[in-house]
Amino acid sequence: MVKLGLIQCPARVKPGDGIVARYGGTILVVPDPLAGRRGVEVLLGVLREHSSPDDGRELVLEMAGVLVGTKTRDLPAFCALAHTDGGVAILIHGDLQATVARTGEAEHLSGRRAATWVDQLIEDPFVSITVGPTLGDESELEGLCDLETGVVRGSGVVVIGDARIELPKARKTSESNAPEPADVHHGEPGERPEVKVQAASRTRSAHPETASIWNQQSSENTPAARPDAEDIDVKPSVFKSFDLAPDPFADRRPPLPLANEVPRPDDDADSRVIVRGIKCANGHFNPPDVKFCAACGIAMVQLSHDLVDGPRVPLGLLILDDGSAFQLDDDYVVGREPERDHKVYEGHARPLKIVDADRSVSRVHAEVVLTGWDVQLIDRGSANGTSICTPGSRNWTSLQANMPTVIIPGTEVRVGRRTLVYDAHFRR
Amino acid sequence: MDGIADYELVRSLGSGNYGEFFLATPPPRLHIDVDYVVVKVLVTAGSDSAFNRAMRELRIFAQVNSPNLVTLYDAGQDGDSFFYAMEYCSGGSLAHPTNPTSTDLAISTTAGAARAAHDLHEAGIAHRDITPANVLIADSGAKLADLGLAQFLSPGYTVTGMGSVGSVEFMDPLVIKGGRADRASDIWSLGATLHRAITGRGIYGELPDADPVFCMRRVLTGEPSIDPSLTPEVALVIRDCLARSPVDRPLTAAVVATRLDAITSL
């Protein structure tokens, strides 16, 4: 497929009282230029200077510079688009919207709720980018219009991308933390190419600071910080809306089985850890040292206690102080932003995210690791530490950073000012 | 929370560790002719595959053609949050009805929710979060709202703590212990929901919101008890729904609906 890039995309100007400009690989939309005429002249100057095709990032950087150097009230709302390798850089300042249409989904960007500006890299392929009001009749003549170069009157612009010409090919995202598409590893049927592209762009907007194209320092592996006063999250008001229309291939399922039918094979059965344990008289798998079966309550004392291998059943729950509970059938990374930890994004542990307005919990605070039938707790060098209180005791013990400690059922765990309790499904 | 996507939020309808519900006015891009929608906002920490699984559940939910299911209008992502917008019913829910509900209305509304649950089951998905707050009272009859998606967005996330700590009373203990959500677990929730709606009391007595660990142990180790004020016919349906073993419960939610309808038509 020949990549057209922004330079060759048709640009249809929406009629109106503002200004739409296009030079080379750049487009500028100012719906209300009279709100700051001098600012518009500066922006148009920047646009002309950076119109060469490989200059897109420079242009957006320069625009950001104008914004930083100017009192924002002197600048009207505007949107700049610039060609970059593999996509289009977009910057929006002020009350102005853009909609990026892709096959099967649309992404909306708005500068309305941003204190400064919103920026993003729109990856190819897209169906269209609409800047400015989306309302208004689609004139039949619109298909004939195309602004190649110059400055004209208009309220907005529709840039036609190349996704309309050819369906996107499945491709891997360049980001290391994005998982492989589901159907490669797990054979899930019908994961469409669109879904993968959508997944890749989702990763970007989920981490706006790493996605920013002119702010390349990565904060992915930042260790848990001090009471994180410095990490003021600037949330750009970017949102995506997904198509709810069914995918006839992926979304058709057989009815759920009846209770007296053979259940469907468990999706997780293959991934469960094999451990040694004992079986009760009814065949339920249990840890070797329990007195009663966790599944049916039958006493285990008369059994011969022959050890057998079997898939580990959930050990219990971690109950958070707000009443939410997490199943102990896998490892967890506990924190305010556990999804940042490599164990989580590489799929080796699940995130146990604590929404903590006080920020007493570090981004990556602690880790829960299941070994055999035991639950181990590890403080990950958190700012406010992790401490435990065993049942019946009133003393809290602080954990040494990065030293695994086995916790027994009923143990209370304090992370920052929040509390978790390990409640076991087994009675030993 | 200062907003979600392009919705104008009117007020919060409840919250938990992972999310919040809002009454909101719909944005023009949806082209829907209603004054209000309910927007549920969930904070995500899951992987992209978890997100895609949650979206797939929602797409199936959206295509199930059932008169007793709320309409799903929109779903998307805003920063770290996953959101979706659903139909709003001015009649309130069995948890917070706009007008006082009679026993017959509680029964017929639960029957409607059971039919909606059955339609979901036939389409291959479990609801996972049937509670009085999710059984809505509409002019046209009952509407089953929402869908338990937390388990998809954050695998292992068994109890959400949304609404109140006590909402754990509506969950099948087998699911809390790690079992799979299925027809039988939704049927269990229908029984617990009906019991609370008619009697105003929970099947484990009152669970203290301040002590989630106590609540959990009560639910996992205690036997549910049926309020003696219930008529024998209603008590029998509820007792069957709450049977410890799934095979002893009504086989389908449609059976629950039929049995409840038979009671109100007497």
# chains A, B, ... in the order shown; residues from 1 in each chain; ligands from 1
>>> closest_atom_pairs(of="chain B", to="chain A", cutoff="8 Å", atoms="only C-alpha atoms", output="Markdown table")
| residue | atom | partner | partner_atom | distance |
| --- | --- | --- | --- | --- |
| B:Ala5 | CA | A:Phe239 | CA | 5.6 |
| B:Gly16 | CA | A:Asp322 | CA | 7.5 |
| B:Asn17 | CA | A:Val355 | CA | 6.0 |
| B:Tyr18 | CA | A:Val355 | CA | 7.1 |
| B:Ala45 | CA | A:Glu339 | CA | 5.5 |
| B:Gly46 | CA | A:Pro351 | CA | 6.9 |
| B:Ser47 | CA | A:Tyr345 | CA | 6.9 |
| B:Asp48 | CA | A:Ala199 | CA | 5.9 |
| B:Ser49 | CA | A:Ala182 | CA | 6.4 |
| B:Asn52 | CA | A:Ala199 | CA | 7.8 |
| B:Arg56 | CA | A:Asp251 | CA | 6.6 |
| B:Leu58 | CA | A:Leu244 | CA | 7.4 |
| B:Arg59 | CA | A:Leu244 | CA | 5.1 |
| B:Ile60 | CA | A:Asp251 | CA | 6.1 |
| B:Ala62 | CA | A:Leu244 | CA | 6.7 |
| B:Gln63 | CA | A:Pro246 | CA | 6.7 |
| B:Asp74 | CA | A:Ser241 | CA | 6.9 |
| B:Ala75 | CA | A:Phe242 | CA | 5.7 |
| B:Gly76 | CA | A:Ser241 | CA | 4.1 |
| B:Gln77 | CA | A:Lys240 | CA | 5.1 |
| B:Asp78 | CA | A:Phe239 | CA | 4.1 |
| B:Gly79 | CA | A:Ala206 | CA | 5.3 |
| B:Asp80 | CA | A:Ala206 | CA | 5.3 |
| B:His121 | CA | A:Leu256 | CA | 5.4 |
| B:Glu122 | CA | A:Pro255 | CA | 4.2 |
| B:Ala123 | CA | A:Pro255 | CA | 5.3 |
| B:Gly124 | CA | A:Pro255 | CA | 4.2 |
| B:Ile125 | CA | A:Leu256 | CA | 6.7 |
| B:Ala126 | CA | A:Leu256 | CA | 7.8 |
| B:Ser154 | CA | A:Pro351 | CA | 7.1 |
| B:Pro155 | CA | A:Arg350 | CA | 7.0 |
| B:Gly156 | CA | A:Gln327 | CA | 4.9 |
| B:Tyr157 | CA | A:Phe326 | CA | 4.6 |
| B:Thr158 | CA | A:Phe326 | CA | 5.3 |
| B:Val159 | CA | A:Ala325 | CA | 4.8 |
| B:Thr160 | CA | A:Ser324 | CA | 4.6 |
| B:Gly161 | CA | A:Ser324 | CA | 4.3 |
| B:Met162 | CA | A:Ser324 | CA | 7.8 |
| B:Ser164 | CA | A:Gly323 | CA | 7.8 |
| B:Val165 | CA | A:Gly323 | CA | 5.0 |
| B:Ile176 | CA | A:Gln327 | CA | 7.9 |
| B:Lys177 | CA | A:His425 | CA | 6.9 |
| B:Gly178 | CA | A:Pro314 | CA | 6.2 |
| B:Asp182 | CA | A:Leu256 | CA | 6.9 |
| B:Arg183 | CA | A:Leu256 | CA | 6.8 |
| B:Ala184 | CA | A:Ala259 | CA | 6.6 |
| B:Asp211 | CA | A:Asp321 | CA | 7.9 |
| B:Pro212 | CA | A:Gly323 | CA | 4.8 |
| B:Val213 | CA | A:Ile319 | CA | 6.7 |
| B:Pro246 | CA | A:Ala259 | CA | 5.9 |
| B:Val247 | CA | A:Ala259 | CA | 5.2 |
| B:Leu251 | CA | A:Leu258 | CA | 6.2 |
| B:Thr252 | CA | A:Leu258 | CA | 7.2 |
>>> closest_atom_pairs(of="region 95-141 of chain B", to="region 191-208 of chain B", cutoff="8 Å", atoms="only C-alpha atoms", output="tab-separated table")
residue	atom	partner	partner_atom	distance
B:Ala95	CA	B:Ala197	CA	6.9
B:Ser102	CA	B:Ile198	CA	7.8
B:Thr103	CA	B:Ile198	CA	5.6
B:Ala106	CA	B:Ala197	CA	6.2
B:Ile107	CA	B:Leu194	CA	6.9
B:Thr110	CA	B:Leu194	CA	6.3
B:Ile130	CA	B:Thr193	CA	7.4
B:Thr131	CA	B:Thr193	CA	5.5
B:Pro132	CA	B:Thr193	CA	5.3
>>> write_last_selection(atoms="N, CA and C atoms", output="CSV table (one decimal), in the first residue's frame")
chain,number,residue,atom,x,y,z
B,95,ALA,N,-33.8,-1.1,44.5
B,95,ALA,CA,-33.1,-0.6,45.7
B,95,ALA,C,-33.6,0.8,46.1
B,102,SER,N,-45.1,-2.4,45.9
B,102,SER,CA,-45.9,-3.4,46.5
B,102,SER,C,-45.1,-4.7,46.3
B,103,THR,N,-45.5,-5.8,47.1
B,103,THR,CA,-44.9,-7.1,46.9
B,103,THR,C,-45.1,-7.6,45.5
B,106,ALA,N,-42.7,-5.9,43.2
B,106,ALA,CA,-41.4,-6.4,43.4
B,106,ALA,C,-41.2,-7.8,42.7
B,107,ILE,N,-42.2,-8.6,42.8
B,107,ILE,CA,-42.2,-9.9,42.2
B,107,ILE,C,-42.2,-9.8,40.6
B,110,THR,N,-38.9,-8.4,39.4
B,110,THR,CA,-37.8,-9.4,39.4
B,110,THR,C,-38.0,-10.4,38.3
B,130,ILE,N,-26.3,-8.8,39.2
B,130,ILE,CA,-27.8,-8.6,39.4
B,130,ILE,C,-27.9,-8.2,40.9
B,131,THR,N,-28.4,-7.0,41.2
B,131,THR,CA,-28.6,-6.5,42.5
B,131,THR,C,-29.9,-5.7,42.4
B,132,PRO,N,-30.5,-5.3,43.5
B,132,PRO,CA,-31.7,-4.5,43.5
B,132,PRO,C,-31.4,-3.2,42.8
>>> closest_residue(among="A:Leu399, A:Asp358, A:Pro409, A:Arg380", to="Asp341 (chain A)", atoms="only C-alpha atoms")
A:Arg380
>>> select_by_dssp(residues="region 71-156 of chain B", states="alpha helix (DSSP H)", output="list in words")
Thr103, Asp104, Leu105, Ala106, Ile107, Ser108, Thr109, Thr110, Ala111, Gly112, Ala113, Ala114, Arg115, Ala116, Ala117, His118, Asp119, Leu120, His121, Glu122, Ala150, Gln151, Phe152 and Leu153 of chain B
>>> atom_distance(atom1="CA of Arg428 (chain A)", atom2="CA of Phe285 (chain A)")
14.1 Å
>>> residues_around(residues="Asn65 (chain B)", least_positions_apart="6", cutoff="10 Å", atoms="only C-alpha atoms", output="list of chain:residue names")
B:Thr71, B:Ala116, B:Asp119, B:Leu120, B:Ala123
>>> write_last_selection(atoms="C-alpha atoms", output="PDB file, in the first residue's frame")
ATOM      1  CA  THR B  71     -30.517   0.073  25.931  1.00  0.00           C
ATOM      2  CA  ALA B 116     -33.643 -10.361  30.651  1.00  0.00           C
ATOM      3  CA  ASP B 119     -31.952 -13.658  27.175  1.00  0.00           C
ATOM      4  CA  LEU B 120     -28.354 -12.781  28.087  1.00  0.00           C
ATOM      5  CA  ALA B 123     -26.688 -15.129  23.972  1.00  0.00           C
TER       6      ALA B 123
END
>>> residues_around(residues="Asp306 (chain A)", least_positions_apart="5", cutoff="9 Å", atoms="only C-alpha atoms", output="list in words")
Gly277, Ile278, Lys279 and Pro288 of chain A
>>> atom_distance(atom1="CA of Ile408 (chain A)", atom2="CA of Met216 (chain B)")
17.5 Å
>>> closest_residue(among="A:Thr386, A:Ser52, A:Gln120, A:Asn395", to="Val413 (chain A)", atoms="only C-alpha atoms")
A:Thr386
>>> residues_around(residues="Gly45 (chain A)", least_positions_apart="5", cutoff="12 Å", atoms="only C-alpha atoms", output="PyMOL selection string")
chain A and resi 21-23+26+28+38-40+50-51+59+62-63+66+151
>>> decode(residues="region 81-111 of chain A", atoms="N, CA, C and O atoms", output="PDB file, in the first residue's frame")
ATOM      1  N   LEU A  81      -2.378  20.623  12.245  1.00  0.00           N
ATOM      2  CA  LEU A  81      -2.074  19.254  11.820  1.00  0.00           C
ATOM      3  C   LEU A  81      -0.751  19.284  11.076  1.00  0.00           C
ATOM      4  O   LEU A  81      -0.485  20.222  10.326  1.00  0.00           O
ATOM      5  N   ALA A  82       0.087  18.284  11.297  1.00  0.00           N
ATOM      6  CA  ALA A  82       1.358  18.254  10.587  1.00  0.00           C
ATOM      7  C   ALA A  82       1.725  16.828  10.216  1.00  0.00           C
ATOM      8  O   ALA A  82       1.513  15.896  10.986  1.00  0.00           O
ATOM      9  N   HIS A  83       2.255  16.686   9.034  1.00  0.00           N
ATOM     10  CA  HIS A  83       2.682  15.374   8.552  1.00  0.00           C
ATOM     11  C   HIS A  83       3.875  14.876   9.360  1.00  0.00           C
ATOM     12  O   HIS A  83       4.815  15.616   9.608  1.00  0.00           O
ATOM     13  N   THR A  84       3.828  13.618   9.819  1.00  0.00           N
ATOM     14  CA  THR A  84       5.007  12.995  10.423  1.00  0.00           C
ATOM     15  C   THR A  84       5.141  11.615   9.796  1.00  0.00           C
ATOM     16  O   THR A  84       4.213  11.123   9.157  1.00  0.00           O
ATOM     17  N   ASP A  85       6.272  11.006  10.051  1.00  0.00           N
ATOM     18  CA  ASP A  85       6.500   9.662   9.541  1.00  0.00           C
ATOM     19  C   ASP A  85       5.515   8.715  10.214  1.00  0.00           C
ATOM     20  O   ASP A  85       5.542   8.544  11.420  1.00  0.00           O
ATOM     21  N   GLY A  86       4.623   8.140   9.451  1.00  0.00           N
ATOM     22  CA  GLY A  86       3.687   7.162  10.001  1.00  0.00           C
ATOM     23  C   GLY A  86       2.395   7.745  10.510  1.00  0.00           C
ATOM     24  O   GLY A  86       1.583   7.024  11.069  1.00  0.00           O
ATOM     25  N   GLY A  87       2.180   9.041  10.370  1.00  0.00           N
ATOM     26  CA  GLY A  87       0.920   9.569  10.846  1.00  0.00           C
ATOM     27  C   GLY A  87       0.838  11.077  10.766  1.00  0.00           C
ATOM     28  O   GLY A  87       1.543  11.720   9.994  1.00  0.00           O
ATOM     29  N   VAL A  88      -0.058  11.603  11.585  1.00  0.00           N
ATOM     30  CA  VAL A  88      -0.297  13.035  11.612  1.00  0.00           C
ATOM     31  C   VAL A  88      -0.201  13.505  13.059  1.00  0.00           C
ATOM     32  O   VAL A  88      -0.848  12.939  13.946  1.00  0.00           O
ATOM     33  N   ALA A  89       0.627  14.533  13.308  1.00  0.00           N
ATOM     34  CA  ALA A  89       0.671  15.142  14.630  1.00  0.00           C
ATOM     35  C   ALA A  89      -0.428  16.180  14.699  1.00  0.00           C
ATOM     36  O   ALA A  89      -0.654  16.925  13.742  1.00  0.00           O
ATOM     37  N   ILE A  90      -1.149  16.203  15.834  1.00  0.00           N
ATOM     38  CA  ILE A  90      -2.236  17.168  15.985  1.00  0.00           C
ATOM     39  C   ILE A  90      -2.066  17.918  17.290  1.00  0.00           C
ATOM     40  O   ILE A  90      -1.645  17.340  18.300  1.00  0.00           O
ATOM     41  N   LEU A  91      -2.337  19.206  17.256  1.00  0.00           N
ATOM     42  CA  LEU A  91      -2.315  20.031  18.463  1.00  0.00           C
ATOM     43  C   LEU A  91      -3.580  20.876  18.466  1.00  0.00           C
ATOM     44  O   LEU A  91      -3.929  21.481  17.456  1.00  0.00           O
ATOM     45  N   ILE A  92      -4.281  20.877  19.610  1.00  0.00           N
ATOM     46  CA  ILE A  92      -5.499  21.692  19.723  1.00  0.00           C
ATOM     47  C   ILE A  92      -5.355  22.609  20.928  1.00  0.00           C
ATOM     48  O   ILE A  92      -5.003  22.166  22.026  1.00  0.00           O
ATOM     49  N   HIS A  93      -5.635  23.872  20.715  1.00  0.00           N
ATOM     50  CA  HIS A  93      -5.652  24.825  21.821  1.00  0.00           C
ATOM     51  C   HIS A  93      -7.036  25.464  21.861  1.00  0.00           C
ATOM     52  O   HIS A  93      -7.554  25.918  20.839  1.00  0.00           O
ATOM     53  N   GLY A  94      -7.630  25.506  23.043  1.00  0.00           N
ATOM     54  CA  GLY A  94      -8.906  26.191  23.214  1.00  0.00           C
ATOM     55  C   GLY A  94     -10.105  25.337  22.837  1.00  0.00           C
ATOM     56  O   GLY A  94      -9.990  24.127  22.590  1.00  0.00           O
ATOM     57  N   ASP A  95     -11.257  25.981  22.807  1.00  0.00           N
ATOM     58  CA  ASP A  95     -12.526  25.275  22.646  1.00  0.00           C
ATOM     59  C   ASP A  95     -12.743  24.867  21.183  1.00  0.00           C
ATOM     60  O   ASP A  95     -13.408  25.554  20.425  1.00  0.00           O
ATOM     61  N   LEU A  96     -12.114  23.781  20.812  1.00  0.00           N
ATOM     62  CA  LEU A  96     -12.183  23.304  19.441  1.00  0.00           C
ATOM     63  C   LEU A  96     -12.074  21.783  19.484  1.00  0.00           C
ATOM     64  O   LEU A  96     -11.392  21.239  20.343  1.00  0.00           O
ATOM     65  N   GLN A  97     -12.771  21.144  18.564  1.00  0.00           N
ATOM     66  CA  GLN A  97     -12.813  19.680  18.590  1.00  0.00           C
ATOM     67  C   GLN A  97     -12.258  19.083  17.316  1.00  0.00           C
ATOM     68  O   GLN A  97     -12.346  19.690  16.253  1.00  0.00           O
ATOM     69  N   ALA A  98     -11.720  17.880  17.455  1.00  0.00           N
ATOM     70  CA  ALA A  98     -11.343  17.120  16.270  1.00  0.00           C
ATOM     71  C   ALA A  98     -11.840  15.699  16.448  1.00  0.00           C
ATOM     72  O   ALA A  98     -11.883  15.182  17.554  1.00  0.00           O
ATOM     73  N   THR A  99     -12.246  15.081  15.362  1.00  0.00           N
ATOM     74  CA  THR A  99     -12.699  13.695  15.398  1.00  0.00           C
ATOM     75  C   THR A  99     -11.878  12.891  14.401  1.00  0.00           C
ATOM     76  O   THR A  99     -11.797  13.251  13.229  1.00  0.00           O
ATOM     77  N   VAL A 100     -11.239  11.842  14.909  1.00  0.00           N
ATOM     78  CA  VAL A 100     -10.465  10.966  14.036  1.00  0.00           C
ATOM     79  C   VAL A 100     -11.300   9.722  13.784  1.00  0.00           C
ATOM     80  O   VAL A 100     -11.613   8.985  14.713  1.00  0.00           O
ATOM     81  N   ALA A 101     -11.701   9.522  12.568  1.00  0.00           N
ATOM     82  CA  ALA A 101     -12.496   8.340  12.239  1.00  0.00           C
ATOM     83  C   ALA A 101     -11.572   7.251  11.726  1.00  0.00           C
ATOM     84  O   ALA A 101     -10.730   7.490  10.858  1.00  0.00           O
ATOM     85  N   ARG A 102     -11.710   6.082  12.331  1.00  0.00           N
ATOM     86  CA  ARG A 102     -10.996   4.910  11.836  1.00  0.00           C
ATOM     87  C   ARG A 102     -12.034   3.860  11.472  1.00  0.00           C
ATOM     88  O   ARG A 102     -13.204   4.019  11.809  1.00  0.00           O
ATOM     89  N   THR A 103     -11.608   2.775  10.867  1.00  0.00           N
ATOM     90  CA  THR A 103     -12.557   1.730  10.530  1.00  0.00           C
ATOM     91  C   THR A 103     -13.136   1.174  11.827  1.00  0.00           C
ATOM     92  O   THR A 103     -12.407   0.632  12.627  1.00  0.00           O
ATOM     93  N   GLY A 104     -14.437   1.366  12.037  1.00  0.00           N
ATOM     94  CA  GLY A 104     -15.095   0.787  13.197  1.00  0.00           C
ATOM     95  C   GLY A 104     -15.019   1.606  14.460  1.00  0.00           C
ATOM     96  O   GLY A 104     -15.529   1.198  15.481  1.00  0.00           O
ATOM     97  N   GLU A 105     -14.380   2.739  14.476  1.00  0.00           N
ATOM     98  CA  GLU A 105     -14.340   3.533  15.693  1.00  0.00           C
ATOM     99  C   GLU A 105     -14.052   4.994  15.371  1.00  0.00           C
ATOM    100  O   GLU A 105     -13.609   5.328  14.279  1.00  0.00           O
ATOM    101  N   ALA A 106     -14.356   5.838  16.341  1.00  0.00           N
ATOM    102  CA  ALA A 106     -14.056   7.249  16.189  1.00  0.00           C
ATOM    103  C   ALA A 106     -13.418   7.740  17.474  1.00  0.00           C
ATOM    104  O   ALA A 106     -13.787   7.319  18.561  1.00  0.00           O
ATOM    105  N   GLU A 107     -12.438   8.606  17.351  1.00  0.00           N
ATOM    106  CA  GLU A 107     -11.764   9.161  18.515  1.00  0.00           C
ATOM    107  C   GLU A 107     -11.981  10.665  18.515  1.00  0.00           C
ATOM    108  O   GLU A 107     -11.837  11.315  17.499  1.00  0.00           O
ATOM    109  N   HIS A 108     -12.380  11.171  19.667  1.00  0.00           N
ATOM    110  CA  HIS A 108     -12.661  12.593  19.759  1.00  0.00           C
ATOM    111  C   HIS A 108     -11.576  13.275  20.572  1.00  0.00           C
ATOM    112  O   HIS A 108     -11.218  12.800  21.639  1.00  0.00           O
ATOM    113  N   LEU A 109     -11.058  14.382  20.078  1.00  0.00           N
ATOM    114  CA  LEU A 109     -10.105  15.177  20.827  1.00  0.00           C
ATOM    115  C   LEU A 109     -10.701  16.560  21.006  1.00  0.00           C
ATOM    116  O   LEU A 109     -11.294  17.100  20.077  1.00  0.00           O
ATOM    117  N   SER A 110     -10.539  17.091  22.204  1.00  0.00           N
ATOM    118  CA  SER A 110     -11.077  18.415  22.451  1.00  0.00           C
ATOM    119  C   SER A 110     -10.113  19.198  23.319  1.00  0.00           C
ATOM    120  O   SER A 110      -9.552  18.657  24.267  1.00  0.00           O
ATOM    121  N   GLY A 111      -9.916  20.457  22.983  1.00  0.00           N
ATOM    122  CA  GLY A 111      -9.053  21.307  23.787  1.00  0.00           C
ATOM    123  C   GLY A 111      -9.822  22.023  24.889  1.00  0.00           C
ATOM    124  O   GLY A 111      -9.253  22.782  25.653  1.00  0.00           O
TER     125      GLY A 111
END
